[in-house]
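J.: Sharing coords_27.cif here; it has mmCIF, C-alpha atoms.
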```cif
data_input
#
loop_
_atom_site.group_PDB
_atom_site.id
_atom_site.type_symbol
_atom_site.label_atom_id
_atom_site.label_comp_id
_atom_site.auth_asym_id
_atom_site.auth_seq_id
_atom_site.Cartn_x
_atom_site.Cartn_y
_atom_site.Cartn_z
ATOM 1 C CA PHE D 1 106.695 53.114 100.248
ATOM 2 C CA ARG D 2 107.299 56.631 101.539
ATOM 3 C CA PRO D 3 104.580 59.246 101.528
ATOM 4 C CA ALA D 4 105.237 62.249 99.289
ATOM 5 C CA TRP D 5 105.197 64.651 102.225
ATOM 6 C CA ILE D 6 108.206 62.913 103.793
ATOM 7 C CA HIS D 7 110.163 63.283 100.558
ATOM 8 C CA SER D 8 109.240 66.967 100.291
ATOM 9 C CA GLN D 9 110.351 67.548 103.905
ATOM 10 C CA GLU D 10 113.715 65.911 103.136
ATOM 11 C CA ILE D 11 114.207 68.194 100.130
ATOM 12 C CA THR D 12 113.277 71.236 102.198
ATOM 13 C CA PHE D 13 115.712 70.129 104.908
ATOM 14 C CA ARG D 14 118.518 69.686 102.349
ATOM 15 C CA GLU D 15 117.785 73.095 100.837
ATOM 16 C CA SER D 16 117.836 74.658 104.309
ATOM 17 C CA ARG D 17 121.182 73.024 105.081
ATOM 18 C CA THR D 18 122.601 74.326 101.803
ATOM 19 C CA LYS D 19 121.402 77.858 102.563
ATOM 20 C CA MET D 20 122.794 77.646 106.097
ATOM 21 C CA THR D 21 126.142 76.488 104.727
ATOM 22 C CA LEU D 22 126.241 79.452 102.347
ATOM 23 C CA VAL D 23 125.358 81.874 105.143
ATOM 24 C CA THR D 24 127.973 80.329 107.445
ATOM 25 C CA SER D 25 130.584 80.555 104.688
ATOM 26 C CA LEU D 26 129.719 84.211 104.099
ATOM 27 C CA ARG D 27 129.941 84.901 107.840
ATOM 28 C CA ASP D 28 133.340 83.190 108.058
ATOM 29 C CA GLU D 29 134.656 84.930 104.936
ATOM 30 C CA THR D 30 133.498 88.267 106.340
ATOM 31 C CA ARG D 31 135.228 87.564 109.664
ATOM 32 C CA ILE D 32 138.467 86.886 107.779
ATOM 33 C CA LEU D 33 138.085 90.106 105.776
ATOM 34 C CA LEU D 34 137.378 92.053 108.968
ATOM 35 C CA ASN D 35 140.397 90.618 110.772
ATOM 36 C CA ASN D 36 142.673 91.192 107.758
ATOM 37 C CA ARG D 37 141.354 94.604 106.730
ATOM 38 C CA PRO D 38 143.806 97.341 105.772
ATOM 39 C CA ALA D 39 145.344 98.961 108.846
ATOM 40 C CA SER D 40 144.042 102.315 107.674
ATOM 41 C CA LEU D 41 140.421 101.094 107.946
ATOM 42 C CA THR D 42 139.360 101.427 111.578
ATOM 43 C CA LEU D 43 136.487 99.713 113.355
ATOM 44 C CA ASP D 44 135.069 103.187 114.065
ATOM 45 C CA GLU D 45 134.935 103.952 110.338
ATOM 46 C CA ILE D 46 133.308 100.616 109.536
ATOM 47 C CA ALA D 47 130.793 100.983 112.375
ATOM 48 C CA THR D 48 129.810 104.464 111.214
ATOM 49 C CA GLU D 49 129.486 103.386 107.586
ATOM 50 C CA LEU D 50 127.363 100.323 108.383
ATOM 51 C CA ASN D 51 125.436 101.805 111.307
ATOM 52 C CA VAL D 52 126.550 99.084 113.732
ATOM 53 C CA SER D 53 128.468 99.378 116.982
ATOM 54 C CA VAL D 54 132.208 98.900 117.331
ATOM 55 C CA GLN D 55 131.407 96.329 120.019
ATOM 56 C CA TRP D 56 129.306 94.330 117.510
ATOM 57 C CA LEU D 57 132.221 94.366 115.055
ATOM 58 C CA ARG D 58 134.634 93.208 117.763
ATOM 59 C CA LEU D 59 132.326 90.359 118.754
ATOM 60 C CA LEU D 60 131.856 89.344 115.123
ATOM 61 C CA SER D 61 135.603 89.408 114.506
ATOM 62 C CA LYS D 62 136.078 86.995 117.416
ATOM 63 C CA GLY D 63 133.273 84.701 116.275
ATOM 64 C CA LYS D 64 131.188 85.492 119.354
ATOM 65 C CA ILE D 65 127.939 86.243 117.489
ATOM 66 C CA ALA D 66 126.171 83.047 116.511
ATOM 67 C CA ASN D 67 123.571 84.700 114.300
ATOM 68 C CA PRO D 68 124.792 88.143 113.239
ATOM 69 C CA GLY D 69 122.086 88.749 110.623
ATOM 70 C CA VAL D 70 122.606 87.871 107.012
ATOM 71 C CA ASN D 71 121.819 91.349 105.639
ATOM 72 C CA THR D 72 124.355 93.023 107.910
ATOM 73 C CA VAL D 73 126.996 90.409 107.120
ATOM 74 C CA GLU D 74 126.374 90.784 103.368
ATOM 75 C CA THR D 75 126.672 94.569 103.622
ATOM 76 C CA LEU D 76 129.839 94.301 105.713
ATOM 77 C CA ASN D 77 131.320 91.778 103.271
ATOM 78 C CA LYS D 78 130.705 94.079 100.294
ATOM 79 C CA PHE D 79 132.138 97.058 102.168
ATOM 80 C CA LEU D 80 135.269 95.193 103.221
ATOM 81 C CA THR D 81 135.777 93.652 99.766
ATOM 82 C CA LYS D 82 135.521 97.101 98.160
ATOM 83 C CA ASN D 83 137.990 98.582 100.635
ATOM 84 C CA LYS D 84 140.365 95.640 100.268
ATOM 85 C CA LYS D 85 140.544 96.299 96.521
ATOM 86 C CA LYS D 86 141.184 100.007 97.145
ATOM 87 C CA ALA D 87 144.041 99.169 99.497
ATOM 88 C CA GLN D 88 145.591 96.781 96.972
ATOM 89 C CA GLY D 89 145.524 99.582 94.505
#
```
Before anything else, please render the file you have as structure tokens.

T.:
Amino acid sequence: FRPAWIHSQEITFRESRTKMTLVTSLRDETRILLNNRPASLTLDEIATELNVSVQWLRLLSKGKIANPGVNTVETLNKFLTKNKKKAQG
């Protein structure tokens, strides 16, 4: 017999792991987009558009930021995806 609270903690843990996996995947996808961005799109332009520092972008591109902030990563991902499509024409 297992108390109900143990089962609910296991579900919460699984849900947390799933969310963390999605966030990690988004972070990794964004790093790839950043490192493979069109040559015409500079880090200065991205930093200005997203209101982050060039140094932060460099660290993110190298995987040196463990927890870069999901909102910033989502915004960066959308920006880079949009600009990737523009570059592809």

J.: Could you work out how far CA of Lys85 in chain D lies from CA of Val54 in chain D, giving the answer in Å with one decimal?

T.: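 Straight-line distance from CA of Val54 in chain D to CA of Lys85 in chain D works out to 22.6 Å.
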
J.: Between CA of Asn77 in chain D and CA of Thr30 in chain D, measure the distance and give it in Å to one decimal.

T.: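 These two atoms are separated by 5.1 Å.
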
J.: With all atoms listed in the file as the basis for distance, which of D:Leu41, D:Leu50, D:Ile32, D:Leu59 is at the shortest distance from Lys86 in chain D?

T.: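 Of all the options, D:Leu41 lies closest to Lys86 in chain D.
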
J.: With the PyMOL selection byres ((chain D and resi 65-76) around 12) as the selection, what would be picked from this file? Answer as a PyMOL selection string, please.

T.: chain D and resi 19-20+22-34+37+43+45-53+55-64+77-84

J.: Box for range 76-86 of chain D: with edges along x, y and z, all listed atoms inside and 8 Å added on each side, what are the centre and edge lengths in Å to one decimal, as JSON?

T.:
```
{"center_x": 135.5, "center_y": 95.9, "center_z": 101.1, "size_x": 27.3, "size_y": 24.2, "size_z": 25.2}
```
